[in-house]
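This is input-v6.txt. It holds compact mmCIF, C-alpha atoms and all ligand atoms.
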```txt
# COMPACT_ATOMS: atom_id res chain seq x y z
CA MET E 1 23.49 -2.95 -1.11
CA LEU E 2 20.56 -5.30 -1.34
CA SER E 3 20.36 -8.05 -3.92
CA VAL E 4 17.56 -8.08 -6.47
CA GLU E 5 15.86 -10.83 -4.46
CA GLU E 6 16.12 -8.85 -1.22
CA ASN E 7 14.71 -5.78 -2.93
CA ALA E 8 11.76 -7.85 -4.09
CA LEU E 9 11.23 -9.13 -0.54
CA ILE E 10 10.97 -5.66 1.00
CA SER E 11 8.62 -4.45 -1.75
CA GLN E 12 5.94 -7.14 -1.55
CA VAL E 13 3.31 -6.71 1.12
CA GLY E 14 0.58 -9.24 0.36
CA SER E 15 -0.87 -11.52 3.01
CA GLY E 16 1.73 -13.94 4.38
CA THR E 17 4.77 -12.19 2.91
CA PRO E 18 7.57 -11.19 5.32
CA MET E 19 7.19 -7.49 4.48
CA GLY E 20 3.41 -7.78 4.65
CA ASN E 21 3.84 -9.23 8.15
CA LEU E 22 6.02 -6.28 9.11
CA MET E 23 3.48 -3.78 7.77
CA ARG E 24 0.76 -5.53 9.78
CA GLN E 25 2.58 -4.72 13.02
CA TYR E 26 1.59 -1.05 12.59
CA TRP E 27 -1.53 1.06 12.57
CA LEU E 28 -2.20 2.25 9.03
CA PRO E 29 -4.58 4.93 7.74
CA VAL E 30 -7.41 3.43 5.75
CA ALA E 31 -9.87 6.25 4.99
CA THR E 32 -11.03 9.63 6.23
CA SER E 33 -13.98 9.94 8.58
CA ASP E 34 -16.03 11.84 6.03
CA GLU E 35 -15.74 9.00 3.51
CA LEU E 36 -18.00 6.81 5.60
CA GLN E 37 -21.23 8.40 4.67
CA ALA E 38 -24.03 9.25 7.00
CA ASP E 39 -26.34 7.04 4.93
CA GLY E 40 -24.26 4.02 5.99
CA SER E 41 -23.09 3.00 2.50
CA PRO E 42 -20.15 0.59 2.71
CA LEU E 43 -16.86 1.69 1.17
CA ARG E 44 -14.53 -0.56 -0.80
CA VAL E 45 -10.98 -0.38 0.54
CA ARG E 46 -8.00 -2.39 -0.67
CA LEU E 47 -5.16 -2.42 1.82
CA LEU E 48 -2.01 -4.58 1.76
CA GLY E 49 -3.57 -6.56 -1.07
CA GLU E 50 -6.77 -7.40 0.84
CA ASN E 51 -10.16 -6.40 -0.49
CA LEU E 52 -12.10 -5.00 2.46
CA VAL E 53 -15.34 -3.21 3.16
CA ALA E 54 -15.53 -0.32 5.62
CA PHE E 55 -18.79 0.82 7.16
CA ARG E 56 -20.04 2.94 10.04
CA THR E 57 -22.46 1.21 12.36
CA THR E 58 -25.69 2.69 13.66
CA SER E 59 -23.92 3.72 16.88
CA GLY E 60 -21.04 5.34 14.93
CA LYS E 61 -18.39 2.65 15.32
CA ILE E 62 -16.24 1.67 12.34
CA GLY E 63 -16.26 -1.80 10.83
CA LEU E 64 -13.56 -3.04 8.45
CA VAL E 65 -14.13 -6.57 7.20
CA ASP E 66 -13.14 -8.89 4.38
CA HIS E 67 -15.55 -8.23 1.55
CA PHE E 68 -15.95 -11.97 0.83
CA CYS E 69 -18.92 -13.40 2.72
CA PRO E 70 -17.78 -16.64 4.39
CA HIS E 71 -21.06 -18.35 3.42
CA ARG E 72 -20.92 -18.42 -0.36
CA GLY E 73 -18.70 -15.48 -1.15
CA THR E 74 -21.02 -12.68 -2.16
CA SER E 75 -19.34 -9.33 -1.64
CA LEU E 76 -20.34 -7.59 1.55
CA PHE E 77 -19.96 -4.32 -0.35
CA PHE E 78 -23.52 -5.05 -1.46
CA GLY E 79 -24.54 -5.82 2.11
CA ARG E 80 -27.14 -4.04 4.19
CA ASN E 81 -25.81 -1.84 6.96
CA GLU E 82 -28.18 -2.77 9.79
CA GLU E 83 -28.24 -2.33 13.57
CA GLU E 84 -24.55 -2.71 14.66
CA GLY E 85 -23.52 -4.92 11.78
CA ILE E 86 -23.50 -5.68 8.08
CA ARG E 87 -25.86 -8.22 6.61
CA CYS E 88 -24.99 -10.08 3.42
CA SER E 89 -27.63 -9.44 0.82
CA TYR E 90 -27.52 -13.01 -0.56
CA HIS E 91 -28.82 -15.14 2.36
CA GLY E 92 -28.86 -12.63 5.15
CA TRP E 93 -25.94 -13.67 7.33
CA LYS E 94 -25.05 -10.77 9.57
CA PHE E 95 -21.62 -9.83 10.98
CA ASP E 96 -20.62 -7.37 13.67
CA ILE E 97 -17.46 -5.24 13.62
CA THR E 98 -15.45 -7.99 15.32
CA GLY E 99 -16.29 -10.24 12.39
CA ALA E 100 -18.55 -12.52 14.46
CA CYS E 101 -21.59 -13.92 12.70
CA ILE E 102 -24.47 -12.65 14.84
CA ASP E 103 -27.40 -13.84 12.77
CA GLN E 104 -27.82 -16.69 10.36
CA PRO E 105 -31.36 -17.03 9.13
CA GLY E 106 -32.46 -20.40 7.86
CA GLY E 107 -30.19 -22.63 9.97
CA PRO E 108 -31.61 -24.80 12.77
CA GLU E 109 -30.93 -22.99 16.05
CA GLU E 110 -29.51 -26.13 17.75
CA ASN E 111 -26.65 -26.45 15.23
CA ASN E 112 -25.18 -23.18 16.41
CA PHE E 113 -23.34 -23.07 13.09
CA LYS E 114 -23.11 -19.31 13.28
CA SER E 115 -20.65 -19.40 16.19
CA LYS E 116 -18.30 -21.41 13.99
CA VAL E 117 -18.06 -18.88 11.16
CA SER E 118 -16.67 -15.42 11.12
CA VAL E 119 -15.35 -12.92 8.63
CA ALA E 120 -11.85 -11.40 8.92
CA ALA E 121 -12.26 -8.05 10.68
CA TYR E 122 -9.76 -5.42 11.73
CA PRO E 123 -10.11 -2.98 14.64
CA CYS E 124 -10.34 0.68 13.68
CA GLU E 125 -9.79 3.93 15.53
CA GLU E 126 -10.79 7.38 14.39
CA ARG E 127 -8.44 10.24 15.21
CA GLY E 128 -8.36 13.77 13.84
CA GLY E 129 -10.62 12.84 10.93
CA ILE E 130 -8.54 9.84 9.88
CA ILE E 131 -9.63 6.21 10.32
CA TRP E 132 -6.72 3.96 11.27
CA THR E 133 -6.68 0.19 11.35
CA TYR E 134 -4.53 -2.50 12.88
CA MET E 135 -4.28 -5.65 10.76
CA GLY E 136 -1.70 -7.36 12.93
CA PRO E 137 -1.58 -10.48 15.09
CA ARG E 138 -1.86 -8.99 18.60
CA ASP E 139 -5.13 -9.41 20.49
CA VAL E 140 -4.52 -6.01 22.04
CA PRO E 141 -3.17 -3.66 19.38
CA PRO E 142 -0.18 -1.47 20.22
CA ALA E 143 -0.73 2.22 20.96
CA MET E 144 -1.26 4.42 17.94
CA PRO E 145 1.77 6.41 16.72
CA ALA E 146 2.08 9.91 18.22
CA ILE E 147 1.98 11.71 14.89
CA GLU E 148 1.78 15.45 15.43
CA ALA E 149 -0.02 16.11 12.12
CA ASN E 150 -2.88 13.91 13.33
CA LEU E 151 -2.97 15.06 16.95
CA SER E 152 -3.50 18.78 16.76
CA GLY E 153 -6.93 18.64 18.36
CA GLY E 154 -8.80 19.52 15.19
CA ALA E 155 -9.17 17.54 11.99
CA SER E 156 -6.00 16.82 10.06
CA HIS E 157 -5.71 18.40 6.62
CA VAL E 158 -5.44 15.50 4.25
CA SER E 159 -4.82 15.13 0.55
CA ARG E 160 -4.48 11.79 -1.17
CA THR E 161 -3.34 10.62 -4.56
CA LEU E 162 -3.39 7.09 -5.96
CA ARG E 163 -0.13 6.15 -7.59
CA TYR E 164 0.20 3.27 -10.02
CA CYS E 165 3.44 1.72 -8.80
CA ASN E 166 4.91 -0.18 -5.88
CA TRP E 167 4.74 1.61 -2.51
CA LEU E 168 8.48 1.52 -1.80
CA GLN E 169 9.42 2.78 -5.24
CA ALA E 170 7.06 5.71 -4.69
CA LEU E 171 8.24 6.36 -1.13
CA GLU E 172 11.89 6.44 -2.19
CA GLY E 173 11.18 9.63 -4.10
CA ASP E 174 10.72 11.34 -0.74
CA ILE E 175 14.14 10.34 0.58
CA ASP E 176 16.00 11.17 -2.62
CA THR E 177 17.06 14.72 -1.92
CA LEU E 178 18.96 15.40 -5.12
CA HIS E 179 15.92 15.27 -7.36
CA SER E 180 14.33 18.37 -5.90
CA GLU E 181 17.05 20.51 -7.47
CA TYR E 182 16.10 19.16 -10.89
CA LEU E 183 12.69 17.55 -11.15
CA HIS E 184 10.90 20.34 -9.25
CA ALA E 185 13.04 23.23 -10.46
CA PRO E 186 12.24 25.98 -12.94
CA ALA E 187 13.55 25.46 -16.50
CA ILE E 188 16.05 28.26 -16.03
CA ILE E 189 17.41 29.37 -12.67
CA ASP E 190 18.62 32.94 -12.35
CA VAL E 191 20.45 32.91 -9.03
CA SER E 192 20.56 36.71 -8.96
CA LYS E 193 16.75 36.75 -8.68
CA LEU E 194 16.58 34.41 -5.68
CA THR E 195 15.88 36.01 -2.31
CA PRO E 196 18.99 35.68 -0.14
CA GLY E 197 18.50 33.70 3.04
CA THR E 198 15.64 31.55 1.74
CA GLY E 199 15.68 27.80 1.23
CA MET E 200 15.40 28.25 -2.56
CA TYR E 201 18.43 30.53 -2.50
CA TYR E 202 20.66 28.08 -0.66
CA ARG E 203 19.45 25.10 -2.67
CA HIS E 204 19.96 26.61 -6.09
CA ARG E 205 22.99 28.80 -5.51
CA LEU E 206 25.29 25.81 -5.03
CA ARG E 207 23.07 23.32 -6.74
CA ASP E 208 25.42 20.38 -7.12
CA GLN E 209 27.67 20.96 -4.16
CA PHE E 210 26.01 19.07 -1.40
CA LYS E 211 27.28 16.31 0.80
CA TYR E 212 25.17 13.83 2.60
CA GLU E 213 24.98 12.16 6.00
CA VAL E 214 22.61 9.35 6.91
CA LYS E 215 21.86 7.61 10.18
CA ASP E 216 19.52 5.14 11.78
CA SER E 217 17.09 6.92 14.06
CA PRO E 218 14.60 5.60 16.65
CA PHE E 219 11.74 5.68 14.12
CA GLY E 220 13.69 4.60 11.01
CA THR E 221 16.35 6.54 9.12
CA SER E 222 17.30 10.19 8.73
CA TYR E 223 19.49 12.19 6.44
CA GLY E 224 21.13 15.57 6.45
CA ALA E 225 22.21 17.00 3.10
CA TYR E 226 24.48 19.99 3.51
CA ARG E 227 26.35 22.72 1.70
CA PRO E 228 27.80 26.10 2.66
CA ALA E 229 25.32 28.82 3.60
CA GLU E 230 26.95 32.09 4.69
CA GLU E 231 30.44 32.69 6.06
CA GLY E 232 30.81 30.22 8.96
CA THR E 233 27.41 28.56 8.52
CA THR E 234 26.03 25.50 6.77
CA TYR E 235 22.66 24.93 5.10
CA TRP E 236 21.21 21.55 6.12
CA ARG E 237 18.22 19.70 4.71
CA LEU E 238 16.92 17.16 7.21
CA ALA E 239 14.40 14.47 6.36
CA HIS E 240 13.18 11.16 7.72
CA PHE E 241 11.88 7.75 6.85
CA LEU E 242 9.59 6.47 9.62
CA PHE E 243 8.53 2.82 9.85
CA PRO E 244 6.76 1.30 8.11
CA CYS E 245 5.89 3.61 5.18
CA PHE E 246 5.98 7.24 6.33
CA THR E 247 8.26 10.17 5.48
CA MET E 248 8.97 13.75 6.52
CA THR E 249 10.61 15.88 3.86
CA PRO E 250 13.24 18.66 4.01
CA THR E 251 11.30 21.28 2.07
CA PRO E 252 9.78 23.40 4.89
CA ALA E 253 11.87 25.77 6.97
CA ALA E 254 12.47 23.80 10.19
CA GLY E 255 9.85 24.69 12.76
CA SER E 256 7.24 25.73 10.20
CA SER E 257 5.66 22.37 9.50
CA GLN E 258 3.64 19.75 11.36
CA ALA E 259 3.33 17.28 8.54
CA ILE E 260 3.74 13.66 7.58
CA ARG E 261 3.51 11.79 4.32
CA MET E 262 2.27 8.22 4.29
CA TRP E 263 2.76 5.75 1.43
CA VAL E 264 0.08 3.23 2.23
CA PRO E 265 0.26 0.09 0.09
CA VAL E 266 -2.99 -0.76 -1.67
CA ASP E 267 -1.39 -3.86 -3.19
CA ASP E 268 2.03 -4.51 -4.70
CA ASP E 269 1.25 -2.36 -7.74
CA HIS E 270 -0.64 0.59 -6.19
CA VAL E 271 -0.08 2.96 -3.31
CA VAL E 272 -2.15 5.78 -1.84
CA PHE E 273 0.01 8.76 -1.03
CA TRP E 274 -1.35 10.61 2.01
CA SER E 275 -0.15 14.13 2.74
CA VAL E 276 -1.29 15.08 6.23
CA GLU E 277 -0.78 18.38 8.01
CA ALA E 278 -2.02 19.69 11.33
CA SER E 279 -3.23 22.93 9.78
CA ALA E 280 -4.06 24.08 6.28
CA ASN E 281 -1.02 25.04 4.30
CA GLU E 282 -1.16 26.78 0.97
CA ARG E 283 2.39 25.81 0.05
CA ALA E 284 2.71 25.42 -3.71
CA GLY E 285 2.58 22.04 -5.32
CA ARG E 286 -0.90 20.71 -4.67
CA THR E 287 -2.64 21.84 -7.76
CA HIS E 288 -3.30 18.62 -9.61
CA GLN E 289 -6.80 17.64 -10.60
CA TYR E 290 -8.62 14.39 -9.88
CA GLN E 291 -10.88 12.19 -11.95
CA ASP E 292 -14.39 11.65 -10.66
CA ASP E 293 -14.47 8.96 -8.00
CA THR E 294 -16.03 5.57 -8.57
CA THR E 295 -16.84 2.91 -5.96
CA ASP E 296 -14.16 0.56 -7.36
CA TRP E 297 -11.25 -0.68 -5.22
CA LEU E 298 -9.03 1.69 -7.21
CA GLY E 299 -11.73 4.27 -7.84
CA ARG E 300 -10.69 7.11 -5.56
CA HIS E 301 -7.94 9.77 -5.57
CA ARG E 302 -7.08 9.14 -9.22
CA PRO E 303 -5.22 12.04 -10.84
CA VAL E 304 -6.24 13.29 -14.27
CA GLN E 305 -2.59 13.22 -15.34
CA ARG E 306 -1.64 9.63 -16.04
CA VAL E 307 1.00 7.74 -17.98
CA GLU E 308 -1.65 7.19 -20.68
CA ASN E 309 -1.73 10.93 -21.41
CA ASP E 310 1.99 11.45 -20.76
CA TYR E 311 1.05 13.44 -17.65
CA LEU E 312 0.04 16.23 -20.08
CA VAL E 313 3.68 17.14 -20.64
CA ASP E 314 4.11 20.47 -22.46
CA ARG E 315 7.40 20.54 -24.35
CA GLU E 316 7.34 24.30 -24.86
CA ASN E 317 6.83 24.85 -21.14
CA GLN E 318 9.76 22.51 -20.52
CA LYS E 319 12.04 24.87 -22.47
CA THR E 320 10.99 28.04 -20.73
CA GLU E 321 9.07 27.44 -17.50
CA SER E 322 9.55 24.19 -15.64
CA TYR E 323 12.19 21.52 -15.66
CA THR E 324 9.70 18.77 -16.55
CA GLY E 325 7.11 20.66 -18.56
CA ILE E 326 4.56 18.85 -16.38
CA GLY E 327 1.95 20.97 -14.66
CA GLY E 328 -0.03 20.07 -11.56
CA GLY E 329 2.78 20.70 -9.10
CA PHE E 330 5.32 18.60 -7.26
CA VAL E 331 3.08 15.60 -6.75
CA MET E 332 2.66 15.15 -10.50
CA HIS E 333 6.40 15.55 -11.13
CA ASP E 334 7.08 12.85 -8.57
CA THR E 335 4.33 10.67 -10.03
CA MET E 336 5.87 10.83 -13.50
CA ALA E 337 9.32 10.08 -12.09
CA THR E 338 8.35 6.97 -10.14
CA GLU E 339 5.57 5.55 -12.33
CA SER E 340 7.58 5.80 -15.53
CA MET E 341 10.14 3.38 -14.03
CA GLY E 342 7.53 0.66 -14.46
CA THR E 343 5.01 -0.59 -11.91
CA THR E 344 7.77 -2.38 -10.05
CA MET E 345 11.03 -1.32 -11.58
CA ASP E 346 13.71 -3.80 -12.53
CA ARG E 347 16.21 -3.11 -9.77
CA SER E 348 18.87 -5.20 -11.50
CA ARG E 349 19.15 -2.27 -13.91
CA GLU E 350 19.57 0.59 -11.43
CA HIS E 351 22.91 2.15 -10.49
CA LEU E 352 22.85 3.73 -7.06
CA GLY E 353 25.49 6.35 -6.31
CA ALA E 354 26.70 8.46 -3.39
CA SER E 355 23.60 10.65 -3.45
CA ASP E 356 21.44 7.54 -2.97
CA ALA E 357 22.89 6.82 0.48
CA MET E 358 19.53 7.36 2.19
CA ILE E 359 17.73 4.97 -0.14
CA ILE E 360 20.42 2.33 0.43
CA ARG E 361 20.29 2.79 4.21
CA THR E 362 16.51 2.67 4.34
CA ARG E 363 16.23 -0.50 2.28
CA LYS E 364 18.80 -2.14 4.56
CA ARG E 365 16.92 -1.07 7.67
CA LEU E 366 13.65 -2.43 6.28
CA LEU E 367 15.32 -5.74 5.43
CA GLU E 368 16.90 -6.03 8.89
CA ALA E 369 13.63 -5.26 10.66
CA MET E 370 11.82 -7.75 8.43
CA HIS E 371 14.32 -10.51 9.27
CA ALA E 372 14.32 -9.67 12.99
CA LEU E 373 10.55 -10.05 13.05
CA GLU E 374 10.59 -13.20 10.97
CA ASP E 375 13.44 -14.96 12.76
CA GLY E 376 13.17 -13.67 16.32
CA ASN E 377 9.69 -12.16 16.60
CA VAL E 378 11.32 -8.81 17.40
CA ALA E 379 8.80 -5.95 17.21
CA PRO E 380 10.02 -3.52 14.54
CA PRO E 381 10.96 0.12 15.31
CA GLY E 382 8.23 2.33 16.72
CA VAL E 383 5.59 -0.35 17.30
CA ASP E 384 6.00 -0.27 21.07
CA GLU E 385 7.38 3.27 21.25
CA PRO E 386 4.67 5.46 19.78
CA SER E 387 6.38 8.62 21.05
CA VAL E 388 9.27 8.27 18.57
CA TYR E 389 6.92 9.57 15.87
CA GLY E 390 6.90 12.98 17.56
CA THR E 391 9.49 14.57 15.32
CA ARG E 392 9.80 17.16 12.57
CA SER E 393 11.90 17.77 9.48
CA GLY E 394 12.95 20.75 7.36
CA TRP E 395 15.88 22.87 6.36
CA MET E 396 18.02 24.80 8.80
CA ILE E 397 21.19 26.81 9.22
CA LEU E 398 23.80 25.48 11.63
CA PRO E 399 27.26 26.76 12.54
CA GLU E 400 29.90 25.33 10.26
CA GLY E 401 31.21 22.06 11.68
CA ALA E 402 28.29 21.59 14.10
CA ASP E 403 26.95 18.07 14.59
CA TRP E 404 23.75 18.02 12.53
CA TRP E 405 21.81 15.63 14.75
CA GLU E 406 22.66 17.30 18.07
CA GLY E 407 22.46 20.74 16.51
CA SER E 408 18.96 20.14 15.18
CA ALA E 409 17.45 18.63 18.36
CA ASP E 410 15.28 21.64 19.22
CA LEU E 411 14.13 22.06 15.62
CA ARG E 412 13.14 18.41 15.42
CA THR E 413 10.98 18.64 18.53
CA ALA E 414 7.29 18.15 17.85
CA PHE E 415 4.21 19.17 19.85
CA VAL E 416 5.44 22.74 20.23
CA ALA E 417 3.91 25.76 18.51
CA LYS E 418 4.61 25.95 14.81
CA ARG E 419 5.88 29.13 13.19
CA ASP E 420 4.75 30.42 9.85
CA GLU E 421 7.28 30.11 7.06
CA SER E 422 8.81 33.61 7.21
CA GLU E 423 8.98 33.62 11.01
CA ALA E 424 10.68 30.25 10.90
CA VAL E 425 13.24 31.48 8.36
CA ALA E 426 13.98 34.53 10.52
CA ALA E 427 14.32 32.32 13.59
CA LEU E 428 16.75 30.02 11.78
CA HIS E 429 19.00 32.96 10.96
CA ALA E 430 18.77 34.35 14.50
CA ARG E 431 19.97 31.17 16.17
S1 LIG H 501 -23.29 -15.64 0.53
FE1 LIG H 501 -23.48 -14.27 2.16
S2 LIG H 501 -25.16 -15.03 3.30
FE2 LIG H 501 -24.92 -16.44 1.69
FE FE H 502 9.75 15.28 -5.22
```
Output the file's structure as structure tokens, nothing else.
Amino acid sequence: MLSVEENALISQVGSGTPMGNLMRQYWLPVATSDELQADGSPLRVRLLGENLVAFRTTSGKIGLVDHFCPHRGTSLFFGRNEEEGIRCSYHGWKFDITGACIDQPGGPEENNFKSKVSVAAYPCEERGGIIWTYMGPRDVPPAMPAIEANLSGGASHVSRTLRYCNWLQALEGDIDTLHSEYLHAPAIIDVSKLTPGTGMYYRHRLRDQFKYEVKDSPFGTSYGAYRPAEEGTTYWRLAHFLFPCFTMTPTPAAGSSQAIRMWVPVDDDHVVFWSVEASANERAGRTHQYQDDTTDWLGRHRPVQRVENDYLVDRENQKTESYTGIGGGFVMHDTMATESMGTTMDRSREHLGASDAMIIRTRKRLLEAMHALEDGNVAPPGVDEPSVYGTRSGWMILPEGADWWEGSADLRTAFVAKRDESEAVAALHAR
């Protein structure tokens, strides 16, 4: 298990930190295409602790630059989006999307001072309605990850929620399988009313009787949580952590989902949770409401339910309807669970047990990758193998005693047709 100091190291992602350096090896989602308005207004974006400004140029390219003008520091958020660049509204210095200063009114031409100044700028690519950026050290960025949910040909279906805690603390909720039997459950479970053969049925019928296997996988870590299904079969819940801050959860029936969840660090105390699917999915749990957006760094994707209003907990509902008494679906349950630990929880006070094996493994893998990069300049998992991201997760039925990783190979295969939920359940039983 990691020490308190090591846990702090893998949580902090600011500029110059070891974990921040690891994060900067990867492409990260920064905004959706439709957020960069046709009128050219710049957008404030904070990513990995850096305050940036995103804008779409006259020819449609994306710029992502430090908001701090290198002349005297006026924020480029207030800049003018002009022909293929952004011009600071204080003294008119103009920068292109590479960060080069391409116009500097008022300076003698012979000084050529403008070639000596630039603003930090990060390359962006737009894919399936999502704008990705690479903030890393390579002159030629690595290939983008082959994420099925973002490569379906059409626009990805995206929802986002700002969470007021450290990114890793929030992400760990996704690889903590035990909580779904409690946090997201009804207040009272009547097993006789569950539909036999469904995921809910297997999960709740033998609620506490699961065992757990974890492994390193090419993209990060994976777990299989299992318990008996029918005579001679086992119910498995398979889920993944994918470097550097992505997850795939065990909730869908295997084969019915082309989805990824991305926990993109805003700074050490805030994370934007991205839920991305290839096609629209009406699965329950996305019913929370948002506050009106502002243009602030932290002004978008803010849920109405916050710690300040106790997430609108309803104690009567908690007795009769839902385990938490918190409405707004799974995302709000998870938000309460991970924010109420404190912005960055005091890990010296936690007590990890057998059911936390995936969290323990994932932290260790992050730490090892961080050290390998720091000490030996070893590219972390997935950076130079974008195809490893082509995978899926979900629950499945396997013959009793079958190897879960081998036995799930076909169900983990991405870039094949997806089934709808009931077809996928039927197919799992027919295998
Ligand atoms: S502060 Fe930006 S041009 Fe002077
Ligand atoms: Fe959850």
If you count all atoms listed in the file, the residue of E:Thr198, E:Asn21, E:Ser275, E:Thr343 closest to E:Gly136 turns out to be E:Asn21
Students should find that atom CA of E:Arg419 and atom CA of E:Ala254 are spaced 9.0 Å
Work out where the centre of an axis-aligned box around every listed atom of ligand LIG 501 (chain H) lies and how long its edges are once 4 Å is added on each side; give both in Å to one decimal as AutoDock Vina command-line options.
```
--center_x -24.2 --center_y -15.4 --center_z 1.9 --size_x 9.9 --size_y 10.2 --size_z 10.8
```
Kindly assemble as a Markdown table a list of the chain E residues that lie within 8 Å of ligand FE 502 (chain H), each paired with its nearest atom pair and their distance in Å to one decimal, using only C-alpha atoms and all ligand atoms, sorted first by chain and then by ascending residue number.
```
| residue | atom | partner | partner_atom | distance |
| --- | --- | --- | --- | --- |
| E:Gly173 | CA | H:FE502 | FE | 5.9 |
| E:Asp174 | CA | H:FE502 | FE | 6.0 |
| E:Asp176 | CA | H:FE502 | FE | 7.9 |
| E:His179 | CA | H:FE502 | FE | 6.5 |
| E:Ser180 | CA | H:FE502 | FE | 5.6 |
| E:Leu183 | CA | H:FE502 | FE | 7.0 |
| E:His184 | CA | H:FE502 | FE | 6.6 |
| E:Phe330 | CA | H:FE502 | FE | 5.9 |
| E:Val331 | CA | H:FE502 | FE | 6.9 |
| E:His333 | CA | H:FE502 | FE | 6.8 |
| E:Asp334 | CA | H:FE502 | FE | 4.9 |
```
Mind dumping a table of every chain E residue within 7 Å of ligand LIG 501 (chain H), with the nearest atom pair and its distance in Å to one decimal, using all atoms listed in the file, sorted by chain and rising number, as a tab-separated table?
```
residue	atom	partner	partner_atom	distance
E:Cys69	CA	H:LIG501	FE1	4.7
E:Pro70	CA	H:LIG501	FE1	6.6
E:His71	CA	H:LIG501	S1	4.5
E:Arg72	CA	H:LIG501	S1	3.8
E:Gly73	CA	H:LIG501	S1	4.9
E:Thr74	CA	H:LIG501	S1	4.6
E:Cys88	CA	H:LIG501	FE1	4.6
E:Ser89	CA	H:LIG501	FE1	6.5
E:Tyr90	CA	H:LIG501	FE2	4.9
E:His91	CA	H:LIG501	S2	3.8
E:Gly92	CA	H:LIG501	S2	4.8
E:Trp93	CA	H:LIG501	S2	4.3
```
Which residues of stretch 232-278 of chain E come within 7 Å of stretch 139-152 of chain E, and for each one, what is the closest pair of atoms and their distance in Å to one decimal, counting all atoms listed in the file, sorted by chain and residue number, as CSV?
```
residue,atom,partner,partner_atom,distance
E:Gln258,CA,E:Ala149,CA,5.2
E:Ala259,CA,E:Ala149,CA,5.0
E:Ile260,CA,E:Ala149,CA,6.4
E:Val276,CA,E:Ala149,CA,6.1
E:Glu277,CA,E:Ala149,CA,4.8
E:Ala278,CA,E:Ala149,CA,4.2
```
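Each of E:Phe219, E:Trp27, E:Tyr182, E:Phe55 was checked against E:Glu385 using all atoms listed in the file; the smallest atom-to-atom distance is that of E:Phe219.
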- E:Thr233: which residues within 9 Å, counting all atoms listed in the file, same-chain residues fewer than 2 positions away excluded, as a ChimeraX atom specification? /E:228-231,235,397-402
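Between atom CA of E:Arg87 and atom CA of E:Arg56 the separation is 13.0 Å.
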Take stretch 386-398 of chain E from the preceding structure and save N, CA and C atoms as a PDB file, in the first residue's frame.
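Printed below is result29.pdb as written:
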```pdb
ATOM      1  N   PRO E 386      -1.980   3.479 -28.987  1.00  0.00           N
ATOM      2  CA  PRO E 386      -3.351   4.002 -28.888  1.00  0.00           C
ATOM      3  C   PRO E 386      -4.427   2.932 -29.024  1.00  0.00           C
ATOM      4  N   SER E 387      -4.074   1.787 -29.639  1.00  0.00           N
ATOM      5  CA  SER E 387      -5.099   0.758 -29.851  1.00  0.00           C
ATOM      6  C   SER E 387      -5.511   0.057 -28.558  1.00  0.00           C
ATOM      7  N   VAL E 388      -4.703   0.174 -27.492  1.00  0.00           N
ATOM      8  CA  VAL E 388      -5.092  -0.532 -26.255  1.00  0.00           C
ATOM      9  C   VAL E 388      -6.380   0.032 -25.660  1.00  0.00           C
ATOM     10  N   TYR E 389      -6.751   1.253 -26.081  1.00  0.00           N
ATOM     11  CA  TYR E 389      -7.985   1.842 -25.548  1.00  0.00           C
ATOM     12  C   TYR E 389      -9.242   1.224 -26.155  1.00  0.00           C
ATOM     13  N   GLY E 390      -9.071   0.399 -27.189  1.00  0.00           N
ATOM     14  CA  GLY E 390     -10.225  -0.248 -27.810  1.00  0.00           C
ATOM     15  C   GLY E 390     -10.684  -1.433 -26.988  1.00  0.00           C
ATOM     16  N   THR E 391     -11.406  -1.159 -25.929  1.00  0.00           N
ATOM     17  CA  THR E 391     -11.874  -2.220 -25.037  1.00  0.00           C
ATOM     18  C   THR E 391     -13.241  -1.834 -24.488  1.00  0.00           C
ATOM     19  N   ARG E 392     -13.884  -2.809 -23.875  1.00  0.00           N
ATOM     20  CA  ARG E 392     -15.207  -2.564 -23.270  1.00  0.00           C
ATOM     21  C   ARG E 392     -15.254  -3.183 -21.877  1.00  0.00           C
ATOM     22  N   SER E 393     -16.293  -2.836 -21.146  1.00  0.00           N
ATOM     23  CA  SER E 393     -16.495  -3.388 -19.806  1.00  0.00           C
ATOM     24  C   SER E 393     -17.944  -3.856 -19.689  1.00  0.00           C
ATOM     25  N   GLY E 394     -18.306  -4.363 -18.510  1.00  0.00           N
ATOM     26  CA  GLY E 394     -19.701  -4.745 -18.270  1.00  0.00           C
ATOM     27  C   GLY E 394     -19.798  -6.036 -17.475  1.00  0.00           C
ATOM     28  N   TRP E 395     -21.022  -6.433 -17.215  1.00  0.00           N
ATOM     29  CA  TRP E 395     -21.197  -7.692 -16.486  1.00  0.00           C
ATOM     30  C   TRP E 395     -21.455  -8.820 -17.463  1.00  0.00           C
ATOM     31  N   MET E 396     -21.138 -10.027 -17.015  1.00  0.00           N
ATOM     32  CA  MET E 396     -21.272 -11.188 -17.894  1.00  0.00           C
ATOM     33  C   MET E 396     -21.444 -12.459 -17.074  1.00  0.00           C
ATOM     34  N   ILE E 397     -21.874 -13.498 -17.760  1.00  0.00           N
ATOM     35  CA  ILE E 397     -22.008 -14.823 -17.141  1.00  0.00           C
ATOM     36  C   ILE E 397     -20.963 -15.728 -17.778  1.00  0.00           C
ATOM     37  N   LEU E 398     -20.158 -16.365 -16.943  1.00  0.00           N
ATOM     38  CA  LEU E 398     -19.147 -17.293 -17.465  1.00  0.00           C
ATOM     39  C   LEU E 398     -19.338 -18.648 -16.790  1.00  0.00           C
TER      40      LEU E 398
END
```
